[in-house]
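A short worksheet on the structure shown next.
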Amino acid sequence: MWDHEIRAMASTHAIIASSVFMATVLPAVFVPGFSVYGTHLVWLYSVSGAVTAVSVAVFWLLGITPPTKKHTLGYKLSRLFRSCLYFFLSCLFFHSVVVLYGAPLIESALETFSLAVLLTSLTTLRCLCVLGPSVQAWIRVFSRHGAMSVWDTCLQITVACTVVGAWLGAFPIPLDWDRPWQVWPVSCSLGAMIGFLTGLVGAPAWIHYHRKQLTYKSK
Amino acid sequence: MKGLLLLSLLLWVCLVYFVGIYVFVSGFLLVRLEVNRTSTCEDVLQPGHEDPQVNFCSSKPRFRKVIILIIDALKIDFARFDPDNQSPRPYENKLPVLEKMVSSKPTHSRLYPFRADPPTTTMQRIKGFTTGSLPTFVDVGNNFASSAILEDNLIHQFGQTGKRVVFMGDDTWESLFPKKFHRSLPFPSFNVKDLHTVDNGILQHIYPTMVGGDWDVLVAHFLGVDHCGHRFGPDHPAMADKLTQMDGVIRSVIERLQNDTLLVVMGDHGMTDSGDHGGESQKETDAAIFLYSPFPIFAGPPSQDEPDVVPQTDLVPTLALLLGIPIPYSSVGQVLLPLFPSHQQTEGAVGGLSQLEALWINAKQVNRFLETYSSLAKDIPLESLSQLKAEFSHISSEYLSSLRGGRSPSPQLLSFLQAYLASVRDTCRATWARFNPFKMVAGFTILALACLMCLILSEMSLLLIRESSAGLKTSVKVAACVSVSVAVVQLYTHGYMEVVWCFAAGAVSSEIVFFWKVSPKVVGWLKLRQLLVPPLVVLMLRCASLLSDSYVIAEGRVVTFLALSLALYIPVHLNWKGLLLPPSHDSLKCAGPLPSMVVSPSAVRKESSTLLGCLGLLVGSFYLSLSFHGCREELGSCQPSLFLSPLSRLQDSRLKNLHYVLAVAALCLWTFLLRRWLCHYGNLNASGVTVFTARWILPLLSVCLGLHWAVGATPEDSFRNLTELIRLAQLALPRTAFCLLGLGMLLILCDPLTVFLKTRASASGRSSSLPPPRYRASTGISPQAELHHLIPQIYQRMRRSLDDGDVSGSSEADHRPAVEAYGLGTVYSAPVLLFSGLLGMGLLLLHPEGMALSFLLLLLQMASLLHIHASSTTLYSLHGAHVGGFNVPWTPVVLWSLASTEFFHATGHLPTFPSIQWSAAFVGFPDGHTGTLLPATLVTLNTFASHILFAAGCPLLLFWPLVCEVRGSRGGRACGDEAEDAVMEMRLREHPLHFSAALLQLSTRYLFINGAQVFASVCAAAILRRHLMVWKVFAPKLMFEASGFLVSSFFLLFGVMLVLRVDVAVSRWFKRLIPEASR
Ligand SMILES: [Zn+2]
Ligand SMILES: [Zn+2]
């Protein structure tokens, strides 16, 4: 029934994943001394930038984004503005959550905030693309009967994978191995990235195998 | 309510746990009493037996100086040289100098294997070869907190006889022998990855020092080989480099050696193939010792009767007698005979002691120690003790008679003496220095089964309570029988009994009987999926974290992280179930399986916002609590919290005032919050003794505390004329507080009811607003039925009058006496809360003043946790998703336990011995104590304050959803029956069986969580017993976890007992009430 949609989703995810790959490889060519650990922030911003740009473009082209009710330019602008605001607020939210979880408050605020930006661009941005700037819809999607389309289910999976990945990424930090990837926030952002990629792969597969059980209420 | 059954079940579970811990610990922790006596030159010989030759202190010693080069982890394999080995491994044949000296100068040098006694960790080994004793994990001395060696030791004796000891190398020595060295150059030893700092530091200084001559004893402790082993393992090129470097060092030292100097090169322990040590395998225990002197000291080349292996304890008496100092008091070593001339040779030799004299002095010293020790401690078996005594008296009579007679003693005497010394050492070793694997396994098994038993009890509580037998009686009987029979069998076969094994047998058999009894019911119940819920996964992570030293070191933060994760899981999970938000209209329309009852969106919204608000409070208090942590020494960059230092130690007076004001404010808030809560629920209206406690004792206690802090903070020099008064206040105020505390608790236990009953005729016209009487208490209805109707009535009236803000009575239209009961709805939780509040104040008294803030956070944390639990329960029931009974789910219980661990850290404690706050023992007793029980109790209370508070307050988890009950929730039982809603805790009275089951479930869950943590630390200690950090991290952690469990379970039982006491009181109260009301 949803073969078409699943195929679209798989190709979208392939594009996003390849953008992550490119954002990791290209700076290595152009920026001297680039490495994922060494110049971690460069990698982090390049990846989040790439994911942001590609997601927005792909979802806009696919037309997943909920249609605006009014077509006036002012409304569209306010929507855009609200989306940017939500993006920023979500960065602050993630930042404070990460700090509460035990990240240093002042010392490496830049690193923490960069992690928050990465997490935002991997999770919130997707919510913005799929659901538009409406917190209520976001909360609704993350309940068992809240998904209303394949894209909502996919959103659930990717976001959960990303967050769990970042959470798991915190576990090696206290160990005394002195590895470069144990430096804050490398393991967390790597964990989030790996979780995100897993989600990208896993979501279409999961939906494909469970397509019989999935029923959606119409909007 | 099956109080007795419940209590005995819990007690039994706790006892099984205790036995498990005891059995394991008795096999793992090696305990020895320290003897605080020192040898002197005079006491070596018995008075009245002057013999100038044997009084070695005054005689000319064999050597004037000694150089001790300790190469950490110098295994005997490293020191041997095999010329035929064509392709040596990186650690082989790298120390050719030793072999060269031994073969070219056989009368000057020897190389022996040097066997260490486990635990083979550096610190214990240094203790070993300086005291000559067998160090254990717990050397019970008079100063637990410092690591300094207080027993008599070589370094001390060197100092006594005026020898200048120069030390360089591993800084462990500096902490073991503070201020004992003439000169000391310590280098940091902590970083295992650093191979060169210590060694290079020594190399810079050792040659100038040797040449300089400002020394008599030179100790240099190299760490490079050991660190190289830990980092790369022995089979690595880096080890070859390191050993080659050591070879060079030994060569250069030998070149610079003078004639009167002895050189000792030794390792403190060996290493396994992976480069670690700590255990008891031969690879770990066999180090090397190399002795060299520039003039010949040995009679000839190595002969047959020389020892194959030198035990490490033998170094102490040998060095002592060679250098002419008394043998340290507690040494159990034996002199190394080849270093002493035999009796015939001494006639014209250079002085010093003959073999026989040395052995005789040695044996007398060992005998003296044995006598002292056995009079102090009773852990050496009696029959071996008496055997040793007989042996010694036989030897000594023979020796003395031969000496008096002037004839040369028989050669047999030498071997007798040697045999005596060896058997003393073996006896001591059997007592002190060996893990007992059987006991460890037994303890491990008992604990594992106990955890499983707890889990089953918690999951099947209702069933077990209903059947009421629960196999308990049989279990206990069987356990008693089995332990007695084991005792008898032991007595019969060995002639003595070991209590540990009796206990172990009892515990195991009772567990087996329990499982056998429940197994028919359990089958098909233990599903893995049920156990893989997130709260239990968090618990598993917590237990797993106890297996890693890094995680134990960072425990405070790890626990916060896990607790936060679990706390955030609650709203996410609720939202996933669609319970967090009121169902939207469009979903209402098309939903099939919606709850039949209509959910009021405003109620849901209110509960959700309460939940989220409390979550914020919880997260905030967790975060703030991080700033009260102390610091482990392993965390170098850590700064301990400023609030941990007592006010009297603060220099800045402004800061001092600020701290004082903050502490007093926190204290006031603590009191205020407790009273406010009691007042809100109408518990303060009564005139009972518990209310008296809440009204008067609580505030008085806080005043006492505030004054005590003020007195403690006054600088000593400022009020000179008031010194007497201040001293008096320092004594009187805390003691008053203790008395008040005791009185308050006693009063609560005496009469825990806080219900105010009014029976009054009508006087108002508001009766129209009341529902018509629901019952007529005539003779026709049974008392049970009466009760059933009476409670809601009473409760509802009370609510109404409270809602109106009007305390005056109201009554029925027919002028029947109306009944009002204030505080009936919180009749269980009020005493528990008050009790915990009082207890908290008492515990705060034992802490530094700044901890008041932390205690306030603890209270807020408890409150927010309880509210979160209550709100989520209400949300479930609002959506009709509630399952019957009063079950407390895993999540809040796990959070409760995590919070108790977190506040253990946030009250400035750490699971290490140096961090114990000994000052708590002197609160109210500034001049010290005479006994040990009282200070030990005070320190325990101080250390486990957070465990105590959370355990005692644990039953609140059961009550809180009922306390915060919302009108219209928990529907179903009395549909639409308005008079029967919001009966709060009286609901528990209506379902006594469910009540007991839920209480049992809650307590066993809490016990399971704590027990699982103990089990995990037991695993860590058992598995990692040869880990580098075992004596520094895991063993102390095990001790703290086990004692924490002991204290927690005790106070949990106490809390449950309090609840049962209230239940009894409530029953009595109802019995009194019914005739009154029906009259
Ligand atoms: Zn060592
Ligand atoms: Zn070592």
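Residue numbering restarts at 1 in every chain; chains get A, B, ... in the order shown in the structure tokens, and ligands count up from 1 in that same order.
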Need to verify the contact set: stretch 40-55 of chain A, 8 Å, only C-alpha atoms, exclusion of same-chain residues closer than 6 positions in sequence. Can you return it as a PDB file with all heavy atoms, in the first residue's frame?
ATOM      1  N   ILE A  15      19.693  10.273   0.726  1.00  0.00           N
ATOM      2  CA  ILE A  15      20.257  11.590   0.403  1.00  0.00           C
ATOM      3  C   ILE A  15      20.820  12.236   1.665  1.00  0.00           C
ATOM      4  O   ILE A  15      21.933  12.770   1.685  1.00  0.00           O
ATOM      5  CB  ILE A  15      19.176  12.488  -0.239  1.00  0.00           C
ATOM      6  CG1 ILE A  15      18.777  11.909  -1.590  1.00  0.00           C
ATOM      7  CG2 ILE A  15      19.689  13.903  -0.389  1.00  0.00           C
ATOM      8  CD1 ILE A  15      17.586  12.603  -2.201  1.00  0.00           C
ATOM      9  N   ILE A  16      20.035  12.179   2.744  1.00  0.00           N
ATOM     10  CA  ILE A  16      20.490  12.820   3.984  1.00  0.00           C
ATOM     11  C   ILE A  16      21.768  12.146   4.493  1.00  0.00           C
ATOM     12  O   ILE A  16      22.736  12.812   4.878  1.00  0.00           O
ATOM     13  CB  ILE A  16      19.388  12.766   5.058  1.00  0.00           C
ATOM     14  CG1 ILE A  16      18.183  13.594   4.606  1.00  0.00           C
ATOM     15  CG2 ILE A  16      19.898  13.296   6.380  1.00  0.00           C
ATOM     16  CD1 ILE A  16      16.994  13.506   5.512  1.00  0.00           C
ATOM     17  N   SER A  19      24.633  13.161   2.566  1.00  0.00           N
ATOM     18  CA  SER A  19      25.052  14.531   2.891  1.00  0.00           C
ATOM     19  C   SER A  19      25.923  14.512   4.150  1.00  0.00           C
ATOM     20  O   SER A  19      26.902  15.253   4.260  1.00  0.00           O
ATOM     21  CB  SER A  19      23.832  15.428   3.088  1.00  0.00           C
ATOM     22  OG  SER A  19      23.294  15.247   4.364  1.00  0.00           O
ATOM     23  N   VAL A  20      25.568  13.666   5.103  1.00  0.00           N
ATOM     24  CA  VAL A  20      26.408  13.535   6.302  1.00  0.00           C
ATOM     25  C   VAL A  20      27.794  13.049   5.905  1.00  0.00           C
ATOM     26  O   VAL A  20      28.815  13.569   6.354  1.00  0.00           O
ATOM     27  CB  VAL A  20      25.760  12.550   7.300  1.00  0.00           C
ATOM     28  CG1 VAL A  20      26.721  12.226   8.423  1.00  0.00           C
ATOM     29  CG2 VAL A  20      24.480  13.114   7.851  1.00  0.00           C
ATOM     30  N   ALA A  23      29.661  15.807   4.236  1.00  0.00           N
ATOM     31  CA  ALA A  23      30.051  16.844   5.187  1.00  0.00           C
ATOM     32  C   ALA A  23      31.226  16.376   6.039  1.00  0.00           C
ATOM     33  O   ALA A  23      31.928  17.185   6.624  1.00  0.00           O
ATOM     34  CB  ALA A  23      28.870  17.189   6.083  1.00  0.00           C
ATOM     35  N   THR A  24      31.444  15.084   6.082  1.00  0.00           N
ATOM     36  CA  THR A  24      32.603  14.584   6.820  1.00  0.00           C
ATOM     37  C   THR A  24      33.829  14.519   5.925  1.00  0.00           C
ATOM     38  O   THR A  24      34.945  14.794   6.357  1.00  0.00           O
ATOM     39  CB  THR A  24      32.297  13.176   7.369  1.00  0.00           C
ATOM     40  OG1 THR A  24      31.041  13.228   8.017  1.00  0.00           O
ATOM     41  CG2 THR A  24      33.351  12.725   8.342  1.00  0.00           C
ATOM     42  N   PRO A  27      35.312  18.524   4.045  1.00  0.00           N
ATOM     43  CA  PRO A  27      36.238  19.395   4.792  1.00  0.00           C
ATOM     44  C   PRO A  27      37.616  18.781   4.922  1.00  0.00           C
ATOM     45  O   PRO A  27      38.615  19.499   4.979  1.00  0.00           O
ATOM     46  CB  PRO A  27      35.577  19.517   6.166  1.00  0.00           C
ATOM     47  CG  PRO A  27      34.182  19.135   5.970  1.00  0.00           C
ATOM     48  CD  PRO A  27      34.139  18.169   4.844  1.00  0.00           C
ATOM     49  N   GLU A 111      31.287  24.071  23.474  1.00  0.00           N
ATOM     50  CA  GLU A 111      31.159  22.680  23.045  1.00  0.00           C
ATOM     51  C   GLU A 111      29.752  22.158  23.334  1.00  0.00           C
ATOM     52  O   GLU A 111      29.125  21.505  22.499  1.00  0.00           O
ATOM     53  CB  GLU A 111      32.184  21.799  23.769  1.00  0.00           C
ATOM     54  CG  GLU A 111      33.587  21.856  23.209  1.00  0.00           C
ATOM     55  CD  GLU A 111      34.375  23.035  23.746  1.00  0.00           C
ATOM     56  OE1 GLU A 111      33.772  23.871  24.461  1.00  0.00           O
ATOM     57  OE2 GLU A 111      35.576  23.125  23.450  1.00  0.00           O
ATOM     58  N   SER A 114      27.340  23.583  20.943  1.00  0.00           N
ATOM     59  CA  SER A 114      27.464  22.976  19.620  1.00  0.00           C
ATOM     60  C   SER A 114      26.758  21.633  19.572  1.00  0.00           C
ATOM     61  O   SER A 114      26.082  21.308  18.595  1.00  0.00           O
ATOM     62  CB  SER A 114      28.932  22.787  19.265  1.00  0.00           C
ATOM     63  OG  SER A 114      29.620  23.982  19.483  1.00  0.00           O
ATOM     64  N   LEU A 115      26.895  20.875  20.679  1.00  0.00           N
ATOM     65  CA  LEU A 115      26.190  19.597  20.740  1.00  0.00           C
ATOM     66  C   LEU A 115      24.687  19.837  20.663  1.00  0.00           C
ATOM     67  O   LEU A 115      23.964  19.115  19.953  1.00  0.00           O
ATOM     68  CB  LEU A 115      26.550  18.871  22.035  1.00  0.00           C
ATOM     69  CG  LEU A 115      25.811  17.558  22.242  1.00  0.00           C
ATOM     70  CD1 LEU A 115      26.256  16.543  21.213  1.00  0.00           C
ATOM     71  CD2 LEU A 115      26.037  17.011  23.639  1.00  0.00           C
ATOM     72  N   VAL A 117      23.225  22.272  19.201  1.00  0.00           N
ATOM     73  CA  VAL A 117      22.886  22.619  17.810  1.00  0.00           C
ATOM     74  C   VAL A 117      22.777  21.350  16.969  1.00  0.00           C
ATOM     75  O   VAL A 117      21.840  21.183  16.185  1.00  0.00           O
ATOM     76  CB  VAL A 117      23.946  23.573  17.224  1.00  0.00           C
ATOM     77  CG1 VAL A 117      23.756  23.721  15.726  1.00  0.00           C
ATOM     78  CG2 VAL A 117      23.879  24.919  17.891  1.00  0.00           C
ATOM     79  N   LEU A 118      23.737  20.439  17.174  1.00  0.00           N
ATOM     80  CA  LEU A 118      23.697  19.196  16.410  1.00  0.00           C
ATOM     81  C   LEU A 118      22.409  18.426  16.707  1.00  0.00           C
ATOM     82  O   LEU A 118      21.710  17.987  15.783  1.00  0.00           O
ATOM     83  CB  LEU A 118      24.914  18.333  16.756  1.00  0.00           C
ATOM     84  CG  LEU A 118      24.968  17.007  15.994  1.00  0.00           C
ATOM     85  CD1 LEU A 118      25.351  17.256  14.557  1.00  0.00           C
ATOM     86  CD2 LEU A 118      25.921  16.043  16.634  1.00  0.00           C
ATOM     87  N   SER A 121      19.509  20.042  15.078  1.00  0.00           N
ATOM     88  CA  SER A 121      19.395  19.871  13.629  1.00  0.00           C
ATOM     89  C   SER A 121      19.059  18.432  13.268  1.00  0.00           C
ATOM     90  O   SER A 121      18.548  18.174  12.181  1.00  0.00           O
ATOM     91  CB  SER A 121      20.684  20.312  12.938  1.00  0.00           C
ATOM     92  OG  SER A 121      21.727  19.506  13.370  1.00  0.00           O
ATOM     93  N   LEU A 122      19.336  17.500  14.184  1.00  0.00           N
ATOM     94  CA  LEU A 122      18.976  16.115  13.884  1.00  0.00           C
ATOM     95  C   LEU A 122      17.543  15.783  14.295  1.00  0.00           C
ATOM     96  O   LEU A 122      16.939  14.878  13.742  1.00  0.00           O
ATOM     97  CB  LEU A 122      19.932  15.149  14.589  1.00  0.00           C
ATOM     98  CG  LEU A 122      21.395  15.211  14.168  1.00  0.00           C
ATOM     99  CD1 LEU A 122      22.187  14.115  14.842  1.00  0.00           C
ATOM    100  CD2 LEU A 122      21.556  15.110  12.671  1.00  0.00           C
ATOM    101  N   LEU A 125      14.684  19.902  13.889  1.00  0.00           N
ATOM    102  CA  LEU A 125      14.547  20.359  12.515  1.00  0.00           C
ATOM    103  C   LEU A 125      13.629  19.425  11.717  1.00  0.00           C
ATOM    104  O   LEU A 125      12.798  19.866  10.931  1.00  0.00           O
ATOM    105  CB  LEU A 125      15.924  20.406  11.868  1.00  0.00           C
ATOM    106  CG  LEU A 125      15.867  20.988  10.471  1.00  0.00           C
ATOM    107  CD1 LEU A 125      15.948  22.482  10.544  1.00  0.00           C
ATOM    108  CD2 LEU A 125      16.936  20.419   9.610  1.00  0.00           C
ATOM    109  N   ARG A 126      13.783  18.166  11.976  1.00  0.00           N
ATOM    110  CA  ARG A 126      12.926  17.193  11.295  1.00  0.00           C
ATOM    111  C   ARG A 126      11.469  17.376  11.681  1.00  0.00           C
ATOM    112  O   ARG A 126      10.573  17.303  10.840  1.00  0.00           O
ATOM    113  CB  ARG A 126      13.396  15.795  11.698  1.00  0.00           C
ATOM    114  CG  ARG A 126      13.579  14.877  10.550  1.00  0.00           C
ATOM    115  CD  ARG A 126      14.183  13.598  11.041  1.00  0.00           C
ATOM    116  NE  ARG A 126      13.544  12.496  10.354  1.00  0.00           N
ATOM    117  CZ  ARG A 126      13.815  12.158   9.098  1.00  0.00           C
ATOM    118  NH1 ARG A 126      14.714  12.839   8.427  1.00  0.00           N
ATOM    119  NH2 ARG A 126      13.202  11.156   8.534  1.00  0.00           N
ATOM    120  N   CYS A 129      10.230  20.231   9.842  1.00  0.00           N
ATOM    121  CA  CYS A 129       9.977  19.932   8.432  1.00  0.00           C
ATOM    122  C   CYS A 129       8.696  19.133   8.255  1.00  0.00           C
ATOM    123  O   CYS A 129       7.909  19.375   7.351  1.00  0.00           O
ATOM    124  CB  CYS A 129      11.143  19.130   7.853  1.00  0.00           C
ATOM    125  SG  CYS A 129      12.603  20.122   7.635  1.00  0.00           S
ATOM    126  N   VAL A 186      32.771  14.868  22.178  1.00  0.00           N
ATOM    127  CA  VAL A 186      32.955  14.044  20.969  1.00  0.00           C
ATOM    128  C   VAL A 186      32.099  12.785  21.020  1.00  0.00           C
ATOM    129  O   VAL A 186      31.355  12.478  20.086  1.00  0.00           O
ATOM    130  CB  VAL A 186      34.440  13.667  20.803  1.00  0.00           C
ATOM    131  CG1 VAL A 186      34.627  12.799  19.591  1.00  0.00           C
ATOM    132  CG2 VAL A 186      35.282  14.912  20.688  1.00  0.00           C
ATOM    133  N   SER A 189      28.342  13.533  20.559  1.00  0.00           N
ATOM    134  CA  SER A 189      27.888  13.911  19.226  1.00  0.00           C
ATOM    135  C   SER A 189      28.060  12.740  18.260  1.00  0.00           C
ATOM    136  O   SER A 189      27.214  12.528  17.385  1.00  0.00           O
ATOM    137  CB  SER A 189      28.626  15.149  18.731  1.00  0.00           C
ATOM    138  OG  SER A 189      29.992  15.025  18.958  1.00  0.00           O
TER     139      SER A 189
END
Contacts of ligand 2, 7 Å or closer, only C-alpha atoms and all ligand atoms, given as number ranges by chain:
B: 73, 121-122, 226-227, 230, 276-277, 1028
For stretch 94-109 of chain B, list every protein, DNA or RNA residue within 9 Å, evaluated using only C-alpha atoms, and leave out those in the same chain fewer than 2 positions away; present the list as a PyMOL selection string.
chain B and resi 78-82+88+90-92+111+240-241+243-244+246-248+250-251+290-302
Hey, what's within 12 Å of B:Leu700 if we count only C-alpha atoms and toss same-chain stuff fewer than 6 positions away? As an NGL selection string, please?
:B and (667-668 or 671 or 692-694 or 706-707 or 733 or 736-741 or 744 or 838 or 841)
Keeping only N, CA, C and O atoms, write the selected residues to a file as a short mmCIF file (atom, residue, chain, number, x, y, z; two decimals), in the first residue's frame.
data_model
loop_
_atom_site.label_atom_id
_atom_site.label_comp_id
_atom_site.auth_asym_id
_atom_site.auth_seq_id
_atom_site.Cartn_x
_atom_site.Cartn_y
_atom_site.Cartn_z
N LEU B 667 16.96 25.56 57.83
CA LEU B 667 16.40 24.84 58.97
C LEU B 667 14.97 25.29 59.24
O LEU B 667 14.06 24.48 59.46
N CYS B 668 14.76 26.61 59.21
CA CYS B 668 13.42 27.14 59.46
C CYS B 668 12.45 26.64 58.39
O CYS B 668 11.32 26.26 58.69
N THR B 671 11.42 23.08 59.05
CA THR B 671 10.37 23.01 60.08
C THR B 671 9.05 23.51 59.55
O THR B 671 8.00 22.89 59.75
N PHE B 692 1.61 17.25 69.90
CA PHE B 692 2.48 18.01 70.78
C PHE B 692 3.90 18.02 70.22
O PHE B 692 4.56 19.05 70.19
N THR B 693 4.33 16.87 69.74
CA THR B 693 5.66 16.80 69.14
C THR B 693 5.78 17.76 67.97
O THR B 693 6.74 18.51 67.86
N ALA B 694 4.78 17.71 67.09
CA ALA B 694 4.84 18.56 65.91
C ALA B 694 4.79 20.03 66.30
O ALA B 694 5.45 20.89 65.71
N GLY B 706 19.91 25.83 65.82
CA GLY B 706 20.39 27.15 65.44
C GLY B 706 21.35 27.71 66.47
O GLY B 706 22.42 28.23 66.13
N LEU B 707 21.00 27.57 67.73
CA LEU B 707 21.86 28.08 68.79
C LEU B 707 23.18 27.31 68.83
O LEU B 707 24.24 27.90 69.01
N LEU B 733 23.65 22.11 74.51
CA LEU B 733 22.70 22.28 73.40
C LEU B 733 22.51 21.00 72.60
O LEU B 733 21.37 20.56 72.41
N THR B 736 20.65 18.47 74.68
CA THR B 736 19.22 18.79 74.74
C THR B 736 18.54 18.35 73.46
O THR B 736 17.44 17.77 73.49
N ALA B 737 19.19 18.65 72.34
CA ALA B 737 18.60 18.28 71.06
C ALA B 737 18.42 16.77 70.97
O ALA B 737 17.36 16.29 70.55
N PHE B 738 19.45 16.02 71.40
CA PHE B 738 19.32 14.56 71.37
C PHE B 738 18.14 14.11 72.22
O PHE B 738 17.36 13.25 71.82
N CYS B 739 18.03 14.72 73.42
CA CYS B 739 16.94 14.31 74.32
C CYS B 739 15.59 14.63 73.69
O CYS B 739 14.67 13.81 73.72
N LEU B 740 15.48 15.84 73.14
CA LEU B 740 14.21 16.23 72.51
C LEU B 740 13.86 15.25 71.40
O LEU B 740 12.71 14.82 71.27
N LEU B 741 14.88 14.91 70.64
CA LEU B 741 14.68 14.00 69.52
C LEU B 741 14.16 12.65 70.01
O LEU B 741 13.16 12.13 69.52
N GLY B 744 10.63 13.03 71.26
CA GLY B 744 9.67 13.16 70.18
C GLY B 744 9.38 11.81 69.54
O GLY B 744 8.23 11.45 69.31
N LEU B 838 11.80 14.71 62.14
CA LEU B 838 12.58 14.78 63.37
C LEU B 838 13.94 14.11 63.19
O LEU B 838 14.98 14.65 63.58
N MET B 841 16.35 16.21 61.33
CA MET B 841 16.97 17.26 62.14
C MET B 841 18.08 16.69 63.01
O MET B 841 19.14 17.31 63.16
#
Give as a PyMOL selection string every residue of chain B that touches chain A within 10 Å, counting only C-alpha atoms.
chain B and resi 193+545+548-555+557-558+560-565+572-581+583-584+586-587+590-591+619-620+622-624+626
Taken to one decimal, the atom CA of B:Glu985-atom CA of B:Trp960 distance is 8.8 Å
Within 9 Å of ligand 1 (counting only C-alpha atoms and all ligand atoms), which residues show up? I'd like them as a PyMOL selection string.
chain B and resi 71-74+120-126+223+226-227+267-270+277-278
Work out how far apart atom CA of B:Ile916 and atom CA of B:Thr940 are and give it in Å to one decimal.
9.2 Å
If we count only C-alpha atoms and set the cut-off at 10 Å, which residues sit around stretch 987-1002 of chain B, ignoring sequence neighbours fewer than 2 positions away in its own chain? Please answer as a PyMOL selection string.
chain B and resi 1-3+5-7+9-10+454-466+787-788+791-792+825+828+884-890+893+954-955+957-959+962+980-985+1004-1008+1056+1059-1060+1063+1066-1067
Between atom CA of B:Thr38 and atom CA of B:Pro326 - distance in Å to one decimal:
9.2 Å
From the set B:Thr285, B:Ser397, B:Gln530, B:Thr937, which residue has the shortest atom-to-atom contact distance to B:Pro119, counting only C-alpha atoms?
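Comparing B:Thr285, B:Ser397, B:Gln530, B:Thr937 against B:Pro119, the winner is B:Thr285.
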Quick one: everything within 12 Å of stretch 161-163 of chain A, counting only C-alpha atoms, minus sequence neighbours fewer than 4 positions away in the same chain. Send it as a count of residues only.
38
Could you give me, as a PyMOL selection string, the residues within 12 Å of A:Arg211, counting only C-alpha atoms and dropping anything in the same chain fewer than 4 positions from it?
chain A and resi 1-3+5-6+149-150+153+203-207+215-216
According to DSSP computed on the backbone, where in stretch 244-332 of chain B is there helix (DSSP H, G or I)? Give the residues as a count of residues only.
28
Counting only C-alpha atoms, which of B:Phe515, B:Phe719, B:Phe63, B:Tyr681 gets nearest to B:Leu263?
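Result for the nearest residue to B:Leu263: B:Phe63.
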